[in-house]
>>> print(open('protein24.pdb').read())   # PDB, C-alpha atoms
ATOM      1  CA  MET A 176       5.435 -26.557  11.458
ATOM      2  CA  ALA A 177       4.105 -25.156   8.224
ATOM      3  CA  GLU A 178       3.741 -21.402   7.914
ATOM      4  CA  ILE A 179       0.155 -20.388   8.564
ATOM      5  CA  ILE A 180      -1.227 -18.040   5.901
ATOM      6  CA  ALA A 181      -4.057 -15.705   6.874
ATOM      7  CA  ILE A 182      -6.534 -14.697   4.181
ATOM      8  CA  ALA A 183      -9.313 -12.103   4.296
ATOM      9  CA  SER A 184     -11.316 -10.024   1.844
ATOM     10  CA  ASP A 185     -14.330  -7.798   1.412
ATOM     11  CA  HIS A 186     -17.541  -8.890  -0.321
ATOM     12  CA  ALA A 187     -16.220  -7.929  -3.766
ATOM     13  CA  ALA A 188     -13.347 -10.373  -3.354
ATOM     14  CA  PHE A 189     -15.223 -13.134  -1.520
ATOM     15  CA  ASP A 190     -15.233 -15.519  -4.495
ATOM     16  CA  LEU A 191     -11.527 -14.945  -5.166
ATOM     17  CA  LYS A 192     -10.805 -15.643  -1.492
ATOM     18  CA  ALA A 193     -12.670 -18.962  -1.670
ATOM     19  CA  THR A 194     -10.881 -19.987  -4.870
ATOM     20  CA  LEU A 195      -7.423 -19.043  -3.560
ATOM     21  CA  ALA A 196      -7.974 -20.651  -0.147
ATOM     22  CA  ALA A 197      -9.011 -23.948  -1.768
ATOM     23  CA  TRP A 198      -6.022 -23.831  -4.130
ATOM     24  CA  LEU A 199      -3.559 -23.088  -1.326
ATOM     25  CA  ARG A 200      -4.965 -25.920   0.823
ATOM     26  CA  ASP A 201      -4.579 -28.261  -2.169
ATOM     27  CA  GLU A 202      -0.962 -27.093  -2.378
ATOM     28  CA  GLY A 203      -0.443 -28.146   1.234
ATOM     29  CA  HIS A 204      -0.594 -24.763   2.946
ATOM     30  CA  GLN A 205      -2.282 -24.160   6.263
ATOM     31  CA  ILE A 206      -4.873 -21.376   5.826
ATOM     32  CA  LEU A 207      -6.433 -19.146   8.465
ATOM     33  CA  ASP A 208      -9.592 -17.743   6.854
ATOM     34  CA  LEU A 209     -10.469 -14.493   8.641
ATOM     35  CA  GLY A 210     -13.654 -13.915   6.654
ATOM     36  CA  PRO A 211     -16.050 -12.798   5.542
ATOM     37  CA  ASP A 212     -18.125 -15.998   5.338
ATOM     38  CA  ASP A 213     -20.527 -14.836   2.635
ATOM     39  CA  THR A 214     -21.025 -12.061   0.069
ATOM     40  CA  ALA A 215     -22.957  -9.651   2.311
ATOM     41  CA  SER A 216     -21.561  -6.105   2.114
ATOM     42  CA  VAL A 217     -18.758  -5.430   4.606
ATOM     43  CA  ASP A 218     -16.120  -2.738   5.164
ATOM     44  CA  TYR A 219     -12.652  -3.673   3.893
ATOM     45  CA  PRO A 220     -10.767  -1.968   6.763
ATOM     46  CA  ASP A 221     -12.255  -4.415   9.288
ATOM     47  CA  TYR A 222     -10.827  -7.365   7.352
ATOM     48  CA  GLY A 223      -7.490  -5.711   6.643
ATOM     49  CA  TYR A 224      -7.109  -5.071  10.361
ATOM     50  CA  ARG A 225      -7.866  -8.723  11.090
ATOM     51  CA  ILE A 226      -4.937  -9.793   8.926
ATOM     52  CA  ALA A 227      -2.563  -7.276  10.513
ATOM     53  CA  GLU A 228      -3.617  -8.306  14.002
ATOM     54  CA  ALA A 229      -3.253 -12.027  13.213
ATOM     55  CA  ILE A 230       0.323 -11.378  12.047
ATOM     56  CA  ALA A 231       1.110  -9.151  15.033
ATOM     57  CA  ALA A 232      -0.220 -11.878  17.361
ATOM     58  CA  GLY A 233       1.809 -14.608  15.650
ATOM     59  CA  GLU A 234      -1.321 -16.462  14.566
ATOM     60  CA  ALA A 235      -0.126 -16.271  10.965
ATOM     61  CA  VAL A 236       3.266 -15.683   9.352
ATOM     62  CA  LYS A 237       1.995 -14.336   6.061
ATOM     63  CA  GLY A 238      -1.258 -12.894   4.777
ATOM     64  CA  ILE A 239      -3.315 -12.446   1.621
ATOM     65  CA  ALA A 240      -5.552  -9.349   1.536
ATOM     66  CA  LEU A 241      -8.241  -9.019  -1.133
ATOM     67  CA  CYS A 242     -10.740  -6.329  -2.091
ATOM     68  CA  GLY A 243     -12.157  -4.988  -5.350
ATOM     69  CA  SER A 244      -9.079  -3.005  -6.347
ATOM     70  CA  GLY A 245      -6.732  -4.152  -3.564
ATOM     71  CA  ILE A 246      -6.126  -0.512  -2.673
ATOM     72  CA  GLY A 247      -8.396  -0.071   0.326
ATOM     73  CA  ILE A 248      -7.440  -3.254   2.112
ATOM     74  CA  SER A 249      -3.710  -2.679   1.466
ATOM     75  CA  ILE A 250      -3.983   0.718   3.185
ATOM     76  CA  ALA A 251      -5.759  -0.899   6.157
ATOM     77  CA  VAL A 252      -3.195  -3.682   6.572
ATOM     78  CA  ASN A 253      -0.322  -1.201   6.444
ATOM     79  CA  ARG A 254      -1.763   0.803   9.330
ATOM     80  CA  HIS A 255      -0.150  -1.778  11.617
ATOM     81  CA  PRO A 256       3.657  -1.639  11.936
ATOM     82  CA  ALA A 257       3.825  -5.451  12.212
ATOM     83  CA  ALA A 258       2.492  -5.757   8.667
ATOM     84  CA  ARG A 259       4.230  -4.945   5.399
ATOM     85  CA  CYS A 260       1.605  -5.243   2.696
ATOM     86  CA  ALA A 261       2.460  -5.057  -1.011
ATOM     87  CA  LEU A 262      -0.320  -4.346  -3.500
ATOM     88  CA  VAL A 263       0.740  -6.061  -6.728
ATOM     89  CA  ASN A 264      -0.732  -7.118 -10.043
ATOM     90  CA  GLU A 265       2.223  -8.876 -11.660
ATOM     91  CA  VAL A 266       4.869 -11.372 -10.592
ATOM     92  CA  LEU A 267       7.967  -9.146 -10.627
ATOM     93  CA  SER A 268       6.441  -6.858  -7.996
ATOM     94  CA  ALA A 269       5.417  -9.861  -5.896
ATOM     95  CA  LYS A 270       9.029 -11.082  -6.022
ATOM     96  CA  LEU A 271      10.525  -7.655  -5.294
ATOM     97  CA  SER A 272       8.163  -7.195  -2.327
ATOM     98  CA  ARG A 273       9.825 -10.178  -0.673
ATOM     99  CA  GLU A 274      13.441  -9.476  -1.744
ATOM    100  CA  HIS A 275      13.496  -5.781  -0.886
ATOM    101  CA  ASN A 276      10.671  -5.176   1.591
ATOM    102  CA  ASP A 277      10.286  -8.517   3.401
ATOM    103  CA  ALA A 278       6.553  -8.133   2.705
ATOM    104  CA  ASN A 279       4.472 -10.419   4.893
ATOM    105  CA  VAL A 280       1.124  -9.599   3.271
ATOM    106  CA  ILE A 281       0.226  -9.477  -0.426
ATOM    107  CA  ALA A 282      -2.816  -7.514  -1.607
ATOM    108  CA  LEU A 283      -4.633  -8.239  -4.859
ATOM    109  CA  GLY A 284      -7.568  -6.527  -6.576
ATOM    110  CA  ALA A 285     -10.271  -9.091  -7.330
ATOM    111  CA  ARG A 286     -11.899  -6.943 -10.011
ATOM    112  CA  LEU A 287      -8.600  -6.171 -11.739
ATOM    113  CA  ILE A 288      -6.500  -9.345 -11.730
ATOM    114  CA  GLY A 289      -7.148 -12.700 -13.404
ATOM    115  CA  ILE A 290      -7.005 -15.917 -11.431
ATOM    116  CA  GLU A 291      -3.800 -17.295 -13.007
ATOM    117  CA  GLN A 292      -1.954 -14.001 -12.492
ATOM    118  CA  ALA A 293      -3.210 -13.950  -8.883
ATOM    119  CA  LYS A 294      -1.920 -17.477  -8.286
ATOM    120  CA  ALA A 295       1.430 -16.676  -9.906
ATOM    121  CA  CYS A 296       1.821 -13.570  -7.723
ATOM    122  CA  ILE A 297       1.042 -15.568  -4.580
ATOM    123  CA  ALA A 298       3.420 -18.364  -5.599
ATOM    124  CA  ALA A 299       6.237 -15.815  -6.053
ATOM    125  CA  PHE A 300       5.330 -14.119  -2.776
ATOM    126  CA  LEU A 301       5.450 -17.421  -0.874
ATOM    127  CA  SER A 302       8.644 -18.757  -2.447
ATOM    128  CA  THR A 303      10.943 -15.704  -2.585
ATOM    129  CA  PRO A 304      13.261 -15.082   0.378
ATOM    130  CA  PHE A 305      14.076 -11.672   1.846
ATOM    131  CA  GLY A 306      17.326 -10.243   0.526
ATOM    132  CA  GLY A 307      18.503  -8.812   3.852
ATOM    133  CA  ALA A 308      21.683  -6.668   3.786
ATOM    134  CA  ARG A 309      20.941  -2.983   2.993
ATOM    135  CA  HIS A 310      17.236  -3.773   2.809
ATOM    136  CA  ALA A 311      17.128  -4.806   6.474
ATOM    137  CA  ARG A 312      17.754  -1.294   7.807
ATOM    138  CA  ARG A 313      14.908   0.065   5.683
ATOM    139  CA  VAL A 314      12.516  -2.691   6.734
ATOM    140  CA  ASP A 315      13.422  -1.991  10.352
ATOM    141  CA  LYS A 316      12.417   1.650   9.837
ATOM    142  CA  LEU A 317       9.010   0.470   8.578
ATOM    143  CA  SER A 318       8.547  -1.352  11.877
ATOM    144  CA  HIS A 319       9.151   1.778  13.938
ATOM    145  CA  PRO A 320       7.446   4.738  12.250
ATOM    146  CA  ARG A 321       8.293   7.824  14.245
ATOM    147  CA  PHE A 322       4.683   8.978  14.589
ATOM    148  CA  HIS A 323       3.307   5.660  15.813
ATOM    149  CA  LYS A 324       2.847   4.834  19.451
ATOM    150  CA  GLU A 325       2.293   1.228  20.454
ATOM    151  CA  PRO A 326      -1.042   0.635  22.173
ATOM    152  CA  ALA A 327      -0.639   0.581  25.953
TER     153      ALA A 327
ATOM    154  CA  MET B 188      -5.376  28.749  -3.331
ATOM    155  CA  ALA B 189      -4.076  25.893  -5.426
ATOM    156  CA  GLU B 190      -3.718  22.500  -3.785
ATOM    157  CA  ILE B 191      -0.131  21.950  -2.734
ATOM    158  CA  ILE B 192       1.219  18.587  -3.893
ATOM    159  CA  ALA B 193       4.077  17.042  -1.897
ATOM    160  CA  ILE B 194       6.538  14.807  -3.756
ATOM    161  CA  ALA B 195       9.325  12.615  -2.389
ATOM    162  CA  SER B 196      11.304   9.580  -3.485
ATOM    163  CA  ASP B 197      14.310   7.432  -2.775
ATOM    164  CA  HIS B 198      17.523   7.510  -4.849
ATOM    165  CA  ALA B 199      16.163   4.963  -7.352
ATOM    166  CA  ALA B 200      13.276   7.289  -8.194
ATOM    167  CA  PHE B 201      15.170  10.600  -7.987
ATOM    168  CA  ASP B 202      15.163  11.171 -11.762
ATOM    169  CA  LEU B 203      11.448  10.361 -12.023
ATOM    170  CA  LYS B 204      10.757  12.796  -9.185
ATOM    171  CA  ALA B 205      12.610  15.582 -11.010
ATOM    172  CA  THR B 206      10.784  14.882 -14.274
ATOM    173  CA  LEU B 207       7.352  14.721 -12.642
ATOM    174  CA  ALA B 208       7.919  17.819 -10.486
ATOM    175  CA  ALA B 209       8.940  19.863 -13.553
ATOM    176  CA  TRP B 210       5.929  18.586 -15.513
ATOM    177  CA  LEU B 211       3.491  19.357 -12.688
ATOM    178  CA  ARG B 212       4.905  22.874 -12.248
ATOM    179  CA  ASP B 213       4.481  23.414 -16.010
ATOM    180  CA  GLU B 214       0.872  22.297 -15.584
ATOM    181  CA  GLY B 215       0.377  25.016 -12.969
ATOM    182  CA  HIS B 216       0.555  22.930  -9.795
ATOM    183  CA  GLN B 217       2.278  24.063  -6.631
ATOM    184  CA  ILE B 218       4.868  21.437  -5.644
ATOM    185  CA  LEU B 219       6.458  20.819  -2.249
ATOM    186  CA  ASP B 220       9.604  18.784  -2.978
ATOM    187  CA  LEU B 221      10.510  16.850   0.182
ATOM    188  CA  GLY B 222      13.668  15.352  -1.284
ATOM    189  CA  PRO B 223      16.061  13.834  -1.709
ATOM    190  CA  ASP B 224      18.124  16.488  -3.490
ATOM    191  CA  ASP B 225      20.516  14.131  -5.277
ATOM    192  CA  THR B 226      20.988  10.449  -6.122
ATOM    193  CA  ALA B 227      22.941   9.468  -2.988
ATOM    194  CA  SER B 228      21.554   6.300  -1.384
ATOM    195  CA  VAL B 229      18.768   6.968   1.129
ATOM    196  CA  ASP B 230      16.150   4.909   2.973
ATOM    197  CA  TYR B 231      12.674   5.105   1.440
ATOM    198  CA  PRO B 232      10.814   5.062   4.798
ATOM    199  CA  ASP B 233      12.320   8.434   5.750
ATOM    200  CA  TYR B 234      10.868  10.024   2.617
ATOM    201  CA  GLY B 235       7.531   8.246   2.857
ATOM    202  CA  TYR B 236       7.174   9.551   6.396
ATOM    203  CA  ARG B 237       7.933  13.081   5.211
ATOM    204  CA  ILE B 238       4.979  12.932   2.810
ATOM    205  CA  ALA B 239       2.625  11.545   5.471
ATOM    206  CA  GLU B 240       3.706  14.167   7.971
ATOM    207  CA  ALA B 241       3.323  16.992   5.437
ATOM    208  CA  ILE B 242      -0.260  15.874   4.776
ATOM    209  CA  ALA B 243      -1.010  15.417   8.482
ATOM    210  CA  ALA B 244       0.324  18.942   9.124
ATOM    211  CA  GLY B 245      -1.735  20.465   6.297
ATOM    212  CA  GLU B 246       1.397  21.526   4.406
ATOM    213  CA  ALA B 247       0.175  19.571   1.389
ATOM    214  CA  VAL B 248      -3.233  18.277   0.304
ATOM    215  CA  LYS B 249      -1.980  15.456  -1.887
ATOM    216  CA  GLY B 250       1.271  13.560  -2.304
ATOM    217  CA  ILE B 251       3.296  11.591  -4.826
ATOM    218  CA  ALA B 252       5.547   8.863  -3.378
ATOM    219  CA  LEU B 253       8.210   7.242  -5.546
ATOM    220  CA  CYS B 254      10.708   4.425  -5.050
ATOM    221  CA  GLY B 255      12.108   1.634  -7.223
ATOM    222  CA  SER B 256       9.006  -0.571  -7.066
ATOM    223  CA  GLY B 257       6.686   1.811  -5.215
ATOM    224  CA  ILE B 258       6.095  -0.908  -2.613
ATOM    225  CA  GLY B 259       8.396   0.201   0.182
ATOM    226  CA  ILE B 260       7.443   3.863   0.157
ATOM    227  CA  SER B 261       3.711   3.044  -0.086
ATOM    228  CA  ILE B 262       4.013   0.957   3.091
ATOM    229  CA  ALA B 263       5.806   3.824   4.845
ATOM    230  CA  VAL B 264       3.235   6.465   3.846
ATOM    231  CA  ASN B 265       0.370   4.252   4.979
ATOM    232  CA  ARG B 266       1.834   3.948   8.476
ATOM    233  CA  HIS B 267       0.244   7.328   9.178
ATOM    234  CA  PRO B 268      -3.574   7.372   9.561
ATOM    235  CA  ALA B 269      -3.752  10.816   7.912
ATOM    236  CA  ALA B 270      -2.448   9.321   4.664
ATOM    237  CA  ARG B 271      -4.218   6.996   2.249
ATOM    238  CA  CYS B 272      -1.600   5.896  -0.267
ATOM    239  CA  ALA B 273      -2.486   3.891  -3.376
ATOM    240  CA  LEU B 274       0.278   2.030  -5.216
ATOM    241  CA  VAL B 275      -0.812   1.901  -8.857
ATOM    242  CA  ASN B 276       0.633   1.164 -12.266
ATOM    243  CA  GLU B 277      -2.339   1.879 -14.507
ATOM    244  CA  VAL B 278      -4.986   4.590 -14.815
ATOM    245  CA  LEU B 279      -8.062   2.644 -13.711
ATOM    246  CA  SER B 280      -6.521   1.969 -10.301
ATOM    247  CA  ALA B 281      -5.492   5.623  -9.985
ATOM    248  CA  LYS B 282      -9.111   6.627 -10.677
ATOM    249  CA  LEU B 283     -10.589   4.013  -8.311
ATOM    250  CA  SER B 284      -8.198   5.080  -5.548
ATOM    251  CA  ARG B 285      -9.866   8.499  -5.585
ATOM    252  CA  GLU B 286     -13.486   7.380  -6.142
ATOM    253  CA  HIS B 287     -13.516   4.594  -3.540
ATOM    254  CA  ASN B 288     -10.670   5.299  -1.121
ATOM    255  CA  ASP B 289     -10.281   9.093  -1.218
ATOM    256  CA  ALA B 290      -6.561   8.409  -1.659
ATOM    257  CA  ASN B 291      -4.456  11.485  -0.915
ATOM    258  CA  VAL B 292      -1.126   9.953  -1.946
ATOM    259  CA  ILE B 293      -0.254   8.015  -5.095
ATOM    260  CA  ALA B 294       2.785   5.709  -5.159
ATOM    261  CA  LEU B 295       4.579   4.713  -8.358
ATOM    262  CA  GLY B 296       7.500   2.368  -9.020
ATOM    263  CA  ALA B 297      10.182   4.211 -10.977
ATOM    264  CA  ARG B 298      11.794   0.999 -12.228
ATOM    265  CA  LEU B 299       8.482  -0.512 -13.314
ATOM    266  CA  ILE B 300       6.387   2.249 -14.882
ATOM    267  CA  GLY B 301       7.003   4.319 -17.997
ATOM    268  CA  ILE B 302       6.877   8.092 -17.902
ATOM    269  CA  GLU B 303       3.655   8.511 -19.920
ATOM    270  CA  GLN B 304       1.819   5.914 -17.825
ATOM    271  CA  ALA B 305       3.100   7.661 -14.675
ATOM    272  CA  LYS B 306       1.808  11.028 -15.901
ATOM    273  CA  ALA B 307      -1.554   9.523 -16.895
ATOM    274  CA  CYS B 308      -1.917   7.920 -13.436
ATOM    275  CA  ILE B 309      -1.116  11.216 -11.722
ATOM    276  CA  ALA B 310      -3.512  13.141 -13.992
ATOM    277  CA  ALA B 311      -6.331  10.703 -13.087
ATOM    278  CA  PHE B 312      -5.388  10.870  -9.399
ATOM    279  CA  LEU B 313      -5.496  14.683  -9.404
ATOM    280  CA  SER B 314      -8.717  15.062 -11.412
ATOM    281  CA  THR B 315     -11.004  12.342  -9.989
ATOM    282  CA  PRO B 316     -13.291  13.293  -7.084
ATOM    283  CA  PHE B 317     -14.080  11.067  -4.115
ATOM    284  CA  GLY B 318     -17.350   9.166  -4.521
ATOM    285  CA  GLY B 319     -18.485   9.595  -0.913
ATOM    286  CA  ALA B 320     -21.668   7.704   0.119
ATOM    287  CA  ARG B 321     -20.932   4.123   1.254
ATOM    288  CA  HIS B 322     -17.232   4.711   0.689
ATOM    289  CA  ALA B 323     -17.094   7.429   3.342
ATOM    290  CA  ARG B 324     -17.706   5.037   6.258
ATOM    291  CA  ARG B 325     -14.866   2.802   5.080
ATOM    292  CA  VAL B 326     -12.480   5.718   4.588
ATOM    293  CA  ASP B 327     -13.341   6.914   8.092
ATOM    294  CA  LYS B 328     -12.339   3.502   9.460
ATOM    295  CA  LEU B 329      -8.947   3.893   7.741
ATOM    296  CA  SER B 330      -8.455   7.111   9.689
ATOM    297  CA  HIS B 331      -9.012   5.421  13.036
ATOM    298  CA  PRO B 332      -7.327   2.023  13.043
ATOM    299  CA  ARG B 333      -8.151   0.338  16.318
ATOM    300  CA  PHE B 334      -4.532  -0.526  17.150
ATOM    301  CA  HIS B 335      -3.138   2.959  16.532
ATOM    302  CA  LYS B 336      -2.589   5.471  19.295
ATOM    303  CA  GLU B 337      -2.032   9.086  18.366
ATOM    304  CA  PRO B 338       1.336  10.449  19.517
ATOM    305  CA  ALA B 339       1.024  12.334  22.808
TER     306      ALA B 339
END
>>> encode(input="protein24.pdb", output="structure tokens")
Amino acid sequence: MAEIIAIASDHAAFDLKATLAAWLRDEGHQILDLGPDDTASVDYPDYGYRIAEAIAAGEAVKGIALCGSGIGISIAVNRHPAARCALVNEVLSAKLSREHNDANVIALGARLIGIEQAKACIAAFLSTPFGGARHARRVDKLSHPRFHKEPA
Amino acid sequence: MAEIIAIASDHAAFDLKATLAAWLRDEGHQILDLGPDDTASVDYPDYGYRIAEAIAAGEAVKGIALCGSGIGISIAVNRHPAARCALVNEVLSAKLSREHNDANVIALGARLIGIEQAKACIAAFLSTPFGGARHARRVDKLSHPRFHKEPA
């Protein structure tokens, strides 16, 4: 079964979401579009949380989180210990986020990144394996922050 | 009373931490150095959590989080709903993180950013006020993620 990739944005990144979703489908990926469905103003945390919850529920294996700068939605996604979201704007960081951090969500800033750079970052994110070894202990600590209690 | 700025890193960013802490003290800032104290290998989540906990406890108002790429420690800091950590590598994002997201922690990648760019990002982060208005509702949602339970 192909990996399902969740994608969500705010209004500022709606057009980028549509462009990237169409491109990824053309590339043969299965996409779970978590909204929004139009350019009406929304709050980025709601859509970041949707991505994190889809990953926590196993409905998607990876995610793409988009807002104007990428900052707000990356904070929202990372509230959930099942998500490891890397905000990047160049390919080396996208690659390192997989090798070192086993990132399962990539965040991009629609108003700051060009479309070819965005695609190249996503391609690196989707194709780079986790490095394991010493990185695994650190990633495990991200999954169990000491101040977080699981919902009952 | 001057704002206290917490700073922490992993081993890869230890030298950058020392350089930035000295510079900020020269600039008149009060710095809370949360470690590490040498270049021995450590796990970045431990130091990201220290920054988040210092902010949650009111021991610092802002924070600077440093690791090799900035990715891992930014994920760790953002596990805590009291922290809003922006991973940036240029000044516009540092400025937007304050205006739109009321970011209280800035993350930088020691192996990816040059020292003058790092200083310029921190200067923008420290001097830019939050924009409030429509951004306030979104920031409030970051403080109360629906899947997070406060520790008992």
>>> resolve_selection(input="protein24.pdb", expression="the PyMOL selection byres ((chain A) within 7 of (chain B))", output="list in words")
Asp218, Tyr219, Pro220, Ser244, Ile246, Gly247, Ile250, Ala251, Asn253, Arg254, His255, Pro256, Arg259, Cys260, Ala261, Leu262, Ser268, Ser272, Asn276, Arg313, Lys316, Leu317, Pro320, Phe322, His323, Lys324, Glu325 and Pro326 of chain A
>>> closest_residue(input="protein24.pdb", among="B:Asp225, B:Glu214, B:Glu246, B:Asp202", to="Ile309 of chain B", atoms="all atoms listed in the file")
B:Glu214
>>> residues_around(input="protein24.pdb", residues="Lys282 of chain B", least_positions_apart="2", cutoff="8 Å", atoms="all atoms listed in the file", output="ChimeraX atom specification")
/B:278-280,284-286,308,311-312,315
>>> calpha_fit_and_write(input="protein24.pdb", fixed="chain A", moving="chain B", output="compact mmCIF listing (two decimals) with C-alpha atoms, keeping the file's coordinate frame")
# COMPACT_ATOMS: atom_id res chain seq x y z
CA MET B 188 5.41 -26.60 11.40
CA ALA B 189 4.08 -25.16 8.17
CA GLU B 190 3.73 -21.40 7.90
CA ILE B 191 0.15 -20.39 8.57
CA ILE B 192 -1.21 -18.05 5.90
CA ALA B 193 -4.06 -15.71 6.89
CA ILE B 194 -6.54 -14.69 4.18
CA ALA B 195 -9.32 -12.10 4.30
CA SER B 196 -11.31 -10.01 1.85
CA ASP B 197 -14.32 -7.79 1.42
CA HIS B 198 -17.55 -8.88 -0.31
CA ALA B 199 -16.21 -7.93 -3.76
CA ALA B 200 -13.33 -10.37 -3.36
CA PHE B 201 -15.21 -13.13 -1.51
CA ASP B 202 -15.24 -15.51 -4.50
CA LEU B 203 -11.53 -14.94 -5.16
CA LYS B 204 -10.81 -15.64 -1.49
CA ALA B 205 -12.67 -18.96 -1.67
CA THR B 206 -10.87 -19.99 -4.87
CA LEU B 207 -7.43 -19.04 -3.56
CA ALA B 208 -7.97 -20.65 -0.14
CA ALA B 209 -9.01 -23.95 -1.77
CA TRP B 210 -6.02 -23.83 -4.14
CA LEU B 211 -3.56 -23.10 -1.32
CA ARG B 212 -4.96 -25.92 0.82
CA ASP B 213 -4.57 -28.27 -2.17
CA GLU B 214 -0.96 -27.09 -2.39
CA GLY B 215 -0.44 -28.15 1.23
CA HIS B 216 -0.59 -24.76 2.94
CA GLN B 217 -2.28 -24.16 6.26
CA ILE B 218 -4.87 -21.39 5.83
CA LEU B 219 -6.43 -19.16 8.48
CA ASP B 220 -9.59 -17.75 6.86
CA LEU B 221 -10.47 -14.49 8.65
CA GLY B 222 -13.65 -13.92 6.65
CA PRO B 223 -16.05 -12.81 5.55
CA ASP B 224 -18.12 -15.99 5.35
CA ASP B 225 -20.53 -14.83 2.64
CA THR B 226 -21.02 -12.06 0.08
CA ALA B 227 -22.95 -9.64 2.32
CA SER B 228 -21.55 -6.10 2.12
CA VAL B 229 -18.74 -5.43 4.61
CA ASP B 230 -16.11 -2.73 5.16
CA TYR B 231 -12.65 -3.68 3.90
CA PRO B 232 -10.76 -1.97 6.78
CA ASP B 233 -12.25 -4.42 9.30
CA TYR B 234 -10.82 -7.36 7.36
CA GLY B 235 -7.49 -5.71 6.65
CA TYR B 236 -7.10 -5.08 10.37
CA ARG B 237 -7.86 -8.73 11.11
CA ILE B 238 -4.93 -9.80 8.93
CA ALA B 239 -2.55 -7.28 10.52
CA GLU B 240 -3.61 -8.30 14.01
CA ALA B 241 -3.24 -12.02 13.21
CA ILE B 242 0.33 -11.38 12.05
CA ALA B 243 1.11 -9.14 15.03
CA ALA B 244 -0.21 -11.88 17.36
CA GLY B 245 1.83 -14.61 15.65
CA GLU B 246 -1.31 -16.47 14.56
CA ALA B 247 -0.12 -16.28 10.96
CA VAL B 248 3.27 -15.70 9.35
CA LYS B 249 2.00 -14.35 6.05
CA GLY B 250 -1.26 -12.90 4.77
CA ILE B 251 -3.31 -12.45 1.62
CA ALA B 252 -5.56 -9.35 1.54
CA LEU B 253 -8.24 -9.02 -1.13
CA CYS B 254 -10.74 -6.33 -2.08
CA GLY B 255 -12.16 -4.98 -5.34
CA SER B 256 -9.07 -3.00 -6.33
CA GLY B 257 -6.73 -4.15 -3.56
CA ILE B 258 -6.12 -0.50 -2.66
CA GLY B 259 -8.39 -0.06 0.33
CA ILE B 260 -7.43 -3.25 2.13
CA SER B 261 -3.70 -2.67 1.48
CA ILE B 262 -3.98 0.72 3.20
CA ALA B 263 -5.76 -0.89 6.16
CA VAL B 264 -3.19 -3.68 6.59
CA ASN B 265 -0.32 -1.20 6.44
CA ARG B 266 -1.75 0.80 9.34
CA HIS B 267 -0.15 -1.78 11.62
CA PRO B 268 3.67 -1.64 11.94
CA ALA B 269 3.84 -5.45 12.22
CA ALA B 270 2.51 -5.76 8.67
CA ARG B 271 4.25 -4.96 5.41
CA CYS B 272 1.61 -5.25 2.70
CA ALA B 273 2.47 -5.06 -1.00
CA LEU B 274 -0.32 -4.36 -3.50
CA VAL B 275 0.74 -6.06 -6.73
CA ASN B 276 -0.73 -7.12 -10.04
CA GLU B 277 2.22 -8.86 -11.66
CA VAL B 278 4.87 -11.37 -10.59
CA LEU B 279 7.95 -9.14 -10.63
CA SER B 280 6.44 -6.85 -8.00
CA ALA B 281 5.42 -9.86 -5.90
CA LYS B 282 9.03 -11.09 -6.03
CA LEU B 283 10.53 -7.65 -5.29
CA SER B 284 8.16 -7.19 -2.34
CA ARG B 285 9.84 -10.18 -0.69
CA GLU B 286 13.45 -9.49 -1.76
CA HIS B 287 13.50 -5.78 -0.89
CA ASN B 288 10.67 -5.18 1.58
CA ASP B 289 10.29 -8.52 3.39
CA ALA B 290 6.56 -8.13 2.70
CA ASN B 291 4.47 -10.42 4.90
CA VAL B 292 1.13 -9.60 3.27
CA ILE B 293 0.23 -9.49 -0.42
CA ALA B 294 -2.82 -7.51 -1.60
CA LEU B 295 -4.64 -8.24 -4.85
CA GLY B 296 -7.57 -6.53 -6.57
CA ALA B 297 -10.26 -9.09 -7.33
CA ARG B 298 -11.89 -6.93 -10.00
CA LEU B 299 -8.59 -6.17 -11.72
CA ILE B 300 -6.51 -9.35 -11.72
CA GLY B 301 -7.15 -12.69 -13.39
CA ILE B 302 -7.01 -15.92 -11.43
CA GLU B 303 -3.81 -17.29 -12.99
CA GLN B 304 -1.96 -14.00 -12.49
CA ALA B 305 -3.21 -13.95 -8.88
CA LYS B 306 -1.92 -17.48 -8.27
CA ALA B 307 1.43 -16.68 -9.91
CA CYS B 308 1.82 -13.57 -7.71
CA ILE B 309 1.04 -15.57 -4.58
CA ALA B 310 3.42 -18.37 -5.61
CA ALA B 311 6.24 -15.82 -6.06
CA PHE B 312 5.33 -14.12 -2.77
CA LEU B 313 5.45 -17.43 -0.88
CA SER B 314 8.65 -18.77 -2.46
CA THR B 315 10.95 -15.70 -2.60
CA PRO B 316 13.26 -15.09 0.38
CA PHE B 317 14.07 -11.68 1.83
CA GLY B 318 17.33 -10.24 0.51
CA GLY B 319 18.50 -8.82 3.84
CA ALA B 320 21.68 -6.67 3.77
CA ARG B 321 20.95 -3.00 2.97
CA HIS B 322 17.25 -3.78 2.81
CA ALA B 323 17.14 -4.82 6.46
CA ARG B 324 17.77 -1.29 7.79
CA ARG B 325 14.92 0.07 5.68
CA VAL B 326 12.53 -2.70 6.73
CA ASP B 327 13.42 -2.00 10.35
CA LYS B 328 12.43 1.65 9.85
CA LEU B 329 9.02 0.46 8.58
CA SER B 330 8.55 -1.36 11.88
CA HIS B 331 9.13 1.77 13.93
CA PRO B 332 7.44 4.73 12.26
CA ARG B 333 8.29 7.82 14.25
CA PHE B 334 4.68 8.99 14.57
CA HIS B 335 3.29 5.66 15.79
CA LYS B 336 2.76 4.86 19.44
CA GLU B 337 2.21 1.27 20.44
CA PRO B 338 -1.15 0.67 22.14
CA ALA B 339 -0.80 0.67 25.93
>>> atom_distance(input="protein24.pdb", atom1="atom CA of Ser196 of chain B", atom2="atom CA of Asp220 of chain B")
9.4 Å
>>> resolve_selection(input="protein24.pdb", expression="the PyMOL selection byres ((chain A and resi 233) around 12)", output="number ranges by chain")
A: 178-181, 207, 226-232, 234-238, 257-258, 279
>>> resolve_selection(input="protein24.pdb", expression="the PyMOL selection byres ((chain A and resi 187) around 9)", output="count of residues only")
14
